[in-house]
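**Student:** My structure is in protein_37.txt, and what it holds is compact mmCIF, C-alpha atoms:
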# COMPACT_ATOMS: atom_id res chain seq x y z
CA ARG F 21 -272.04 145.94 176.26
CA THR F 22 -270.51 149.21 175.14
CA THR F 23 -272.21 152.52 175.83
CA LYS F 24 -271.82 156.11 174.65
CA ASP F 25 -269.03 156.47 177.23
CA GLU F 26 -266.80 154.21 175.09
CA VAL F 27 -267.26 156.14 171.84
CA GLY F 28 -263.85 156.92 170.33
CA MET F 29 -261.99 154.34 172.40
CA ILE F 30 -259.89 151.58 170.89
CA ALA F 31 -260.53 147.97 171.94
CA SER F 32 -257.78 145.39 172.31
CA HIS F 33 -257.50 142.76 169.58
CA ARG F 34 -258.26 140.23 172.32
CA PHE F 35 -261.86 141.47 172.37
CA PRO F 36 -263.83 140.66 169.19
CA MET F 37 -266.81 143.00 168.82
CA TYR F 38 -270.29 142.14 167.64
CA LYS F 39 -273.34 144.17 166.71
CA THR F 40 -276.84 143.08 165.79
CA ALA F 41 -277.34 142.39 162.09
CA ASP F 42 -281.03 143.46 161.98
CA ASP F 43 -283.98 144.35 164.18
CA ARG F 44 -284.78 140.76 165.18
CA LEU F 45 -282.32 140.85 168.10
CA ASP F 46 -282.19 143.36 170.95
CA LEU F 47 -278.57 143.82 172.02
CA ASP F 48 -279.41 144.05 175.74
CA TYR F 49 -281.42 140.82 175.44
CA ALA F 50 -278.37 139.11 173.91
CA VAL F 51 -276.12 140.32 176.75
CA GLN F 52 -278.56 139.07 179.40
CA TYR F 53 -278.98 135.76 177.58
CA LEU F 54 -275.22 135.14 177.54
CA THR F 55 -275.05 135.54 181.32
CA THR F 56 -277.42 132.60 181.86
CA LYS F 57 -276.43 128.95 182.08
CA ARG F 58 -277.62 128.43 178.49
CA GLY F 59 -275.55 131.38 177.34
CA SER F 60 -272.52 130.21 179.31
CA ASN F 61 -272.78 126.81 177.60
CA ILE F 62 -272.74 128.55 174.21
CA LEU F 63 -269.51 130.34 175.10
CA ILE F 64 -267.91 127.18 176.55
CA LEU F 65 -268.71 125.11 173.44
CA ALA F 66 -267.31 127.85 171.21
CA SER F 67 -264.11 128.18 173.28
CA PRO F 68 -261.54 125.45 172.55
CA GLY F 69 -258.13 125.22 174.20
CA GLY F 70 -256.86 124.97 177.74
CA ALA F 71 -257.97 126.73 180.87
CA GLY F 72 -257.48 130.35 181.83
CA ARG F 73 -255.96 132.81 179.40
CA ASN F 74 -255.31 130.10 176.78
CA LYS F 75 -259.03 129.47 176.33
CA THR F 76 -260.12 131.71 173.46
CA LEU F 77 -263.49 132.29 171.83
CA GLY F 78 -263.87 130.58 168.45
CA GLN F 79 -265.66 133.27 166.46
CA GLU F 80 -266.98 131.01 163.69
CA ALA F 81 -268.33 128.50 166.20
CA PHE F 82 -269.85 131.33 168.23
CA LEU F 83 -271.68 132.79 165.22
CA LYS F 84 -273.10 129.35 164.38
CA SER F 85 -274.54 128.97 167.89
CA ARG F 86 -278.29 129.00 168.41
CA MET F 87 -280.22 130.92 171.06
CA LEU F 88 -283.83 131.19 172.19
CA LEU F 89 -285.30 134.25 170.54
CA PRO F 90 -288.81 135.57 171.22
CA ASN F 91 -290.15 138.44 169.12
CA ILE F 92 -288.49 141.83 169.54
CA ALA F 93 -291.33 143.24 171.67
CA GLU F 94 -291.00 140.42 174.21
CA GLN F 95 -287.22 140.77 174.20
CA LYS F 96 -287.59 144.42 175.18
CA ARG F 97 -290.07 143.58 177.94
CA ILE F 98 -287.63 141.02 179.35
CA VAL F 99 -284.83 143.59 179.26
CA GLU F 100 -287.01 146.20 180.98
CA LEU F 101 -287.91 143.80 183.80
CA LEU F 102 -284.30 142.76 184.37
CA LYS F 103 -283.17 146.38 184.23
CA ALA F 104 -285.70 147.28 186.93
CA VAL F 105 -284.34 144.52 189.18
CA ASN F 106 -280.73 145.52 188.44
CA ASP F 107 -281.57 149.13 189.30
CA VAL F 108 -282.86 147.99 192.70
CA ILE F 109 -279.68 145.95 193.23
CA ALA F 110 -277.55 148.98 192.34
CA VAL F 111 -279.43 151.13 194.88
CA GLU F 112 -279.01 148.49 197.60
CA GLN F 113 -275.31 148.03 196.76
CA LYS F 114 -274.86 151.78 197.06
CA GLN F 115 -276.40 151.60 200.54
CA VAL F 116 -273.90 148.88 201.50
CA SER F 117 -271.01 151.06 200.30
CA LEU F 118 -272.43 154.08 202.13
CA TRP F 119 -272.64 152.25 205.46
CA GLU F 120 -269.20 150.71 204.97
CA GLU F 121 -267.80 154.23 204.55
CA LYS F 122 -269.69 155.37 207.66
CA LYS F 123 -268.09 152.54 209.63
CA LYS F 124 -264.61 153.41 208.32
CA CYS F 125 -265.15 157.03 209.33
CA ALA F 126 -266.34 156.00 212.81
CA MET F 127 -263.36 153.67 213.26
CA GLN F 128 -260.91 156.37 212.22
CA LYS F 129 -262.35 158.83 214.75
CA ILE F 130 -262.55 156.24 217.54
CA PHE F 131 -259.06 154.77 217.13
CA SER F 132 -257.47 158.21 216.69
CA GLN F 133 -259.26 159.11 219.97
CA GLU F 134 -261.03 162.01 218.31
CA ILE F 135 -264.15 160.42 219.80
CA ARG F 136 -264.01 159.11 223.38
CA PHE F 137 -266.67 157.19 225.27
CA LYS F 138 -267.70 158.14 228.81
CA ALA F 139 -268.28 155.96 231.85
CA ASP F 140 -271.89 155.34 232.90
CA ASP F 141 -271.58 158.02 235.59
CA GLY F 142 -270.39 160.56 233.00
CA SER F 143 -266.75 160.52 234.08
CA ASP F 144 -263.78 160.16 231.74
CA TYR F 145 -262.10 156.83 231.23
CA PRO F 146 -258.30 156.55 231.79
CA GLU F 147 -255.85 157.35 229.00
CA TRP F 148 -255.21 154.67 226.37
CA GLU F 149 -252.18 152.38 226.49
CA GLU F 150 -249.96 151.08 223.70
CA GLU F 151 -248.30 147.67 223.60
CA SER F 152 -247.04 145.14 221.10
CA LEU F 153 -249.62 142.53 220.16
CA ASN F 154 -247.33 139.85 221.60
CA ASN F 155 -247.78 141.36 225.06
CA ILE F 156 -251.57 141.31 225.02
CA ALA F 157 -252.30 138.18 222.96
CA ASP F 158 -250.90 134.78 221.97
CA ILE F 159 -250.50 134.09 218.24
CA TYR F 160 -250.52 130.65 216.58
CA ASP F 161 -250.10 129.27 213.05
CA GLY F 162 -252.53 126.91 211.35
CA THR F 163 -251.96 123.52 209.74
CA HIS F 164 -250.30 122.71 206.42
CA GLN F 165 -252.71 119.84 205.90
CA THR F 166 -255.02 120.07 202.89
CA PRO F 167 -258.70 120.01 203.89
CA GLN F 168 -260.71 116.93 203.02
CA TYR F 169 -264.15 117.37 201.50
CA VAL F 170 -266.36 115.14 203.61
CA GLU F 171 -270.03 115.10 204.55
CA SER F 172 -269.35 115.59 208.25
CA GLY F 173 -266.41 116.85 210.25
CA ILE F 174 -264.82 120.08 211.43
CA LYS F 175 -265.34 123.25 209.37
CA PHE F 176 -262.08 124.36 207.79
CA VAL F 177 -261.33 128.07 207.44
CA SER F 178 -258.94 129.46 204.80
CA VAL F 179 -258.23 132.85 203.25
CA GLU F 180 -260.97 132.27 200.67
CA ASN F 181 -263.75 131.75 203.16
CA ILE F 182 -262.64 133.70 206.23
CA ARG F 183 -265.34 136.34 205.69
CA ASP F 184 -267.95 133.58 205.48
CA LEU F 185 -266.75 131.65 208.50
CA TYR F 186 -269.86 129.54 208.96
CA GLY F 187 -270.92 129.20 205.33
CA THR F 188 -267.93 127.21 204.13
CA GLU F 189 -268.30 123.75 202.61
CA LYS F 190 -264.72 122.79 203.42
CA TYR F 191 -264.24 120.27 206.19
CA ILE F 192 -261.46 118.35 207.87
CA THR F 193 -261.99 114.95 209.49
CA LYS F 194 -262.32 114.66 213.26
CA ASP F 195 -259.26 112.40 213.47
CA SER F 196 -257.12 114.91 211.58
CA TYR F 197 -258.44 117.72 213.72
CA ASP F 198 -257.54 115.97 216.98
CA LYS F 199 -254.08 115.14 215.62
CA GLU F 200 -253.16 118.50 214.07
CA PHE F 201 -254.74 121.08 216.36
CA LYS F 202 -253.28 121.28 219.83
CA ILE F 203 -254.28 124.95 220.08
CA ARG F 204 -257.88 125.37 218.97
CA PRO F 205 -260.02 128.41 218.15
CA ASN F 206 -262.59 129.33 220.78
CA ARG F 207 -265.35 131.90 221.11
CA GLY F 208 -263.76 135.36 221.42
CA ASP F 209 -260.63 134.46 219.42
CA ILE F 210 -259.64 136.05 216.11
CA LEU F 211 -258.46 134.48 212.85
CA MET F 212 -256.41 136.78 210.62
CA THR F 213 -255.05 136.30 207.09
CA ARG F 214 -251.26 136.19 206.72
CA ILE F 215 -251.21 135.67 202.93
CA GLY F 216 -252.84 137.63 200.12
CA ASP F 217 -255.04 140.32 201.61
CA ILE F 218 -253.09 140.30 204.86
CA GLY F 219 -254.78 141.57 207.98
CA THR F 220 -258.33 140.51 207.11
CA PRO F 221 -259.82 139.37 210.45
CA ALA F 222 -262.74 137.18 211.45
CA TYR F 223 -264.18 137.16 214.96
CA ILE F 224 -265.19 133.77 216.34
CA SER F 225 -268.59 134.26 217.96
CA SER F 226 -269.62 130.59 218.16
CA ASP F 227 -268.54 127.57 220.19
CA GLU F 228 -268.46 125.45 217.03
CA GLU F 229 -265.17 123.60 216.47
CA LEU F 230 -263.07 125.09 213.67
CA ALA F 231 -259.88 124.11 211.86
CA TYR F 232 -257.76 126.76 210.16
CA TYR F 233 -255.14 126.70 207.43
CA VAL F 234 -251.51 127.87 207.66
CA SER F 235 -252.41 131.00 205.66
CA LEU F 236 -254.20 132.22 208.80
CA ALA F 237 -253.02 133.21 212.26
CA LEU F 238 -255.02 132.48 215.40
CA ILE F 239 -254.99 135.31 217.97
CA LYS F 240 -256.01 134.59 221.56
CA CYS F 241 -256.36 137.70 223.69
CA LYS F 242 -254.85 137.79 227.19
CA LYS F 243 -255.50 141.28 228.57
CA ILE F 244 -257.68 142.84 225.92
CA SER F 245 -261.20 142.23 224.59
CA GLY F 246 -261.30 140.06 221.47
CA GLU F 247 -264.27 142.08 220.17
CA TYR F 248 -262.27 145.28 220.50
CA LEU F 249 -259.11 143.80 218.95
CA PHE F 250 -261.10 142.42 216.00
CA HIS F 251 -262.20 145.93 215.05
CA TYR F 252 -258.77 147.41 215.78
CA ILE F 253 -257.22 144.92 213.33
CA GLU F 254 -259.74 146.16 210.74
CA SER F 255 -258.62 149.77 211.33
CA ARG F 256 -256.17 151.84 209.34
CA ASN F 257 -253.91 152.04 212.40
CA PHE F 258 -253.23 148.31 212.43
CA LYS F 259 -253.12 148.03 208.63
CA ASN F 260 -250.34 150.63 208.58
CA GLU F 261 -248.43 148.62 211.20
CA LEU F 262 -248.71 145.47 209.09
CA TRP F 263 -247.65 147.34 205.98
CA LYS F 264 -244.48 148.56 207.69
CA ARG F 265 -243.64 144.99 208.68
CA THR F 266 -243.87 143.70 205.09
CA LEU F 267 -241.55 146.33 203.56
CA HIS F 268 -238.43 144.29 204.33
CA THR F 269 -239.80 141.00 202.98
CA ALA F 270 -239.39 139.47 199.53
CA TYR F 271 -243.13 138.73 199.48
CA PRO F 272 -245.06 141.83 200.62
CA GLU F 273 -248.34 139.90 200.27
CA LYS F 274 -247.23 137.58 203.09
CA ILE F 275 -246.50 138.24 206.77
CA ASN F 276 -245.17 135.86 209.38
CA LYS F 277 -246.35 135.31 212.94
CA GLY F 278 -243.40 137.18 214.42
CA ASP F 279 -244.08 140.32 212.41
CA ILE F 280 -247.72 140.29 213.49
CA GLY F 281 -246.69 140.06 217.13
CA VAL F 282 -244.52 143.19 217.13
CA CYS F 283 -247.31 145.36 215.71
CA LYS F 284 -248.42 148.05 218.15
CA VAL F 285 -251.98 148.17 219.47
CA MET F 286 -253.61 151.18 221.15
CA TYR F 287 -256.30 150.24 223.64
CA PRO F 288 -258.40 151.85 226.41
CA CYS F 289 -259.60 150.26 229.63
CA ILE F 290 -261.79 147.16 229.28
CA GLU F 291 -265.05 149.08 229.93
CA GLU F 292 -264.38 151.49 227.08
CA GLN F 293 -263.25 148.61 224.86
CA LYS F 294 -266.65 146.98 225.34
CA LYS F 295 -268.52 150.18 224.44
CA ILE F 296 -266.40 150.65 221.31
CA ALA F 297 -267.02 147.03 220.27
CA ARG F 298 -270.79 147.35 220.79
CA CYS F 299 -270.85 150.52 218.68
CA LEU F 300 -268.91 148.99 215.79
CA PHE F 301 -270.76 145.66 215.89
CA SER F 302 -274.04 147.60 215.63
CA LEU F 303 -272.73 149.15 212.41
CA ASP F 304 -271.71 145.68 211.22
CA ASN F 305 -275.28 144.50 211.81
CA VAL F 306 -276.66 147.30 209.64
CA ILE F 307 -274.16 146.49 206.87
CA ASN F 308 -275.00 142.78 207.02
CA ILE F 309 -278.73 143.53 206.73
CA LYS F 310 -278.03 145.68 203.67
CA ARG F 311 -275.87 142.94 202.15
CA LYS F 312 -278.62 140.38 202.67
CA LYS F 313 -281.06 142.63 200.80
CA VAL F 314 -278.64 142.75 197.88
CA GLU F 315 -278.36 138.95 198.00
CA VAL F 316 -282.16 138.56 198.01
CA TRP F 317 -282.54 140.75 194.93
CA GLU F 318 -279.66 139.00 193.17
CA ASN F 319 -281.41 135.69 193.80
CA ILE F 320 -284.63 137.15 192.38
CA ARG F 321 -282.77 138.29 189.27
CA ASP F 322 -281.02 134.93 188.84
CA GLY F 323 -284.35 133.16 189.27
CA LEU F 324 -285.93 135.34 186.61
CA LEU F 325 -283.07 134.67 184.22
CA GLN F 326 -283.38 130.96 184.82
CA GLN F 327 -287.13 130.91 184.30
CA MET F 328 -287.07 133.11 181.23
CA PHE F 329 -284.47 131.12 179.35
CA ILE F 330 -285.20 127.48 180.28
Just give me the structure of the file as C-alpha cells.
**Tutor:**
Amino acid sequence: RTTKDEVGMIASHRFPMYKTADDRLDLDYAVQYLTTKRGSNILILASPGGAGRNKTLGQEAFLKSRMLLPNIAEQKRIVELLKAVNDVIAVEQKQVSLWEEKKKCAMQKIFSQEIRFKADDGSDYPEWEEESLNNIADIYDGTHQTPQYVESGIKFVSVENIRDLYGTEKYITKDSYDKEFKIRPNRGDILMTRIGDIGTPAYISSDEELAYYVSLALIKCKKISGEYLFHYIESRNFKNELWKRTLHTAYPEKINKGDIGVCKVMYPCIEEQKKIARCLFSLDNVINIKRKKVEVWENIRDGLLQQMFI
C-alpha cells in the first residue's frame, strides 16, 4: 500500500497499481484481505505461468475475482483492530532490535577488552591469549546425504534451521545416522555455517542426538569453553577473521574447514570465559523473551485475520 512518502516516485512496469473505484471498499481492508489465505488463493488463481519470477499476475483475472466485503463501517473497524495489533507488534519488534544492539555493544566492549571481569576476590585475571582455532578446537564437516522426512529419527540441522536447532521438522533415519556420523555433536559443541551467511553459530545445549549437513562445521573445544567460543564466533572480531579468509576464494559466500581453523581467537582464562558467557547468555535470554512476545502477538493477528475472513 503506497503512502504519502511515495508521492512523486515512479513505479516499475512490473508493479500494476490499483485504487478503489468508489467508497464501498476501504483500501487498507483490501490490503489486509489479500494477506489472508483467501486473499492468497485469489492471487494464485489469477497468476498463471511457472514458479518464481515467471509467475505473473493476470490483471483481468484479478479484477474478476470476488472477495468478502462487509459494509464500509465494518471494514474500517476491522482495519482499526488489526492496526492496533500491528502497532503492538512494531513496538515489541523495536524492543528486540534494541536489545540486540545492546548485546552487540556489550560484545564489542568485552572482546576488545575495554571491559574486563574480576575474580571473586576482586583481583585481576591474567592477560588474554591468542591462538588459531585449530589449536584450541577440533573441526569436522557434516554429511552430503540428503535428509529424509520421517516421523521419527535424528533431528537434522542445516543452514536454514540452525537458529532453530530444536524446532526443525527435518530428520535423518537412525541407520543413516549410525553409518554417516562417526564424529557426533555433543552438549557444549558448536555448529557453524560454512555456506551462505557464513559464521552463524549455534550452541548445542542438549544431549539430544543431532545430524548436521555438509554446509555446517562442527567445532569441538579442547582448551576453551564452548559457551565462550560460541559468543566469540558471533563477534565482529571473528567475523572479520572469516571475511579475510574468503577474499582469496572464488565463492566468498563459502568457507572451507581449513580456513576456519586458521582464524585467530582471543580468549581469557577459563574462569573469565565462564563469566563472559553467563553475561552474554543472560542478554540472549532477554532477547528470546522479547522475540516470543512478538511471536505471540503475530499469532493473535493471524488468528484474527483467519476468523474475520473465513
**Student:** So that I can see what lies close to region 226-232 of chain F, please list as a PyMOL selection string the residues with an atom at most 12 Å from it, counting all atoms listed in the file and leaving out residues fewer than 2 positions away in the same chain.
**Tutor:** chain F and resi 160-168+173-182+185-186+188+190-214+222-224+234-239
**Student:** How far is it from CA of Val314 (chain F) to CA of Leu118 (chain F), in Å with one decimal?
**Tutor:**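 About the pair CA of Val314 (chain F) and CA of Leu118 (chain F): they are 13.6 Å apart.
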**Student:** Show me as a VMD selection string the residues that reach within 8 Å of (-263.5, 129.9, 165.2), counting only C-alpha atoms and using the file's own coordinates.
**Tutor:** chain F and resid 66 77 to 82
**Student:** Do you have the CA of Ala93 (chain F)-CA of Val316 (chain F) distance handy?
**Tutor:**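 These atoms are spaced 28.3 Å apart.
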**Student:** Which residue is closest to Cys283 (chain F)? Choose from F:Gly28, F:Gly219, F:Gly246, F:Gly323 and count all atoms listed in the file.
**Tutor:** F:Gly219
**Student:** List as a ChimeraX atom specification the protein and nucleic acid residues near Lys123 (chain F), meaning an atom at most 12 Å away when all atoms listed in the file are counted, but skip any in the same chain fewer than 3 places from it.
**Tutor:** /F:116-120,126-131,251,254-256,296,299-307
**Student:** In Å, rounded to a single decimal, give me how far CA of Asn154 (chain F) is from CA of Gly278 (chain F).
**Tutor:**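 Pair CA of Gly278 (chain F) / CA of Asn154 (chain F) returns 8.6 Å.
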**Student:** Which of these, F:Ala50, F:Cys289, F:Ile253, F:Ala297, has the shortest distance to Tyr145 (chain F) once you count all atoms listed in the file?
**Tutor:**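 Residue with the minimum atom-to-atom distance to Tyr145 (chain F): F:Cys289.
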**Student:** Using only C-alpha atoms, can you tell me which of F:Arg136, F:Lys24, F:Arg298, F:Lys274 comes closest to Gly216 (chain F)?
**Tutor:**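 Of F:Arg136, F:Lys24, F:Arg298, F:Lys274, the one nearest Gly216 (chain F) is F:Lys274, counting only C-alpha atoms.
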**Student:** Rank nothing, just name the residue among F:Ile62, F:Val105, F:Leu89, F:Ile156 nearest to Glu318 (chain F), using all atoms listed in the file.
**Tutor:** F:Val105
**Student:** Just want the 10 Å neighbourhood of Gln52 (chain F), counted on all atoms listed in the file, with same-chain residues fewer than 6 positions away dropped. Output as a list in words.
**Tutor:** Arg21, Gly59, Ile98, Val99, Leu102, Lys103, Leu325 and Phe329 of chain F
**Student:** Around all listed atoms of region 132-143 of chain F, padded 8 Å per side, what centre and edge lengths does the axis-aligned box have in Å to one decimal, as AutoDock Vina command-line options?
**Tutor:**
--center_x -264.7 --center_y 158.7 --center_z 226.1 --size_x 30.4 --size_y 22.7 --size_z 34.9
**Student:** Tell me which protein, DNA and RNA residues are within 10 Å of Arg265 (chain F), counting all atoms listed in the file, leaving out same-chain ones fewer than 6 positions away, and put them as a list in words.
**Tutor:**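 Using all atoms listed in the file, the neighbours found are Lys259, Pro272, Lys274, Ile275, Asn276, Gly278, Asp279, Ile280, Val282 and Cys283 of chain F.
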**Student:** For Val285 (chain F), which of F:Val170, F:Leu153, F:Leu63, F:Ala110 is the closest residue, counting all atoms listed in the file?
**Tutor:**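 That would be F:Leu153, the residue with the smallest distance to Val285 (chain F).
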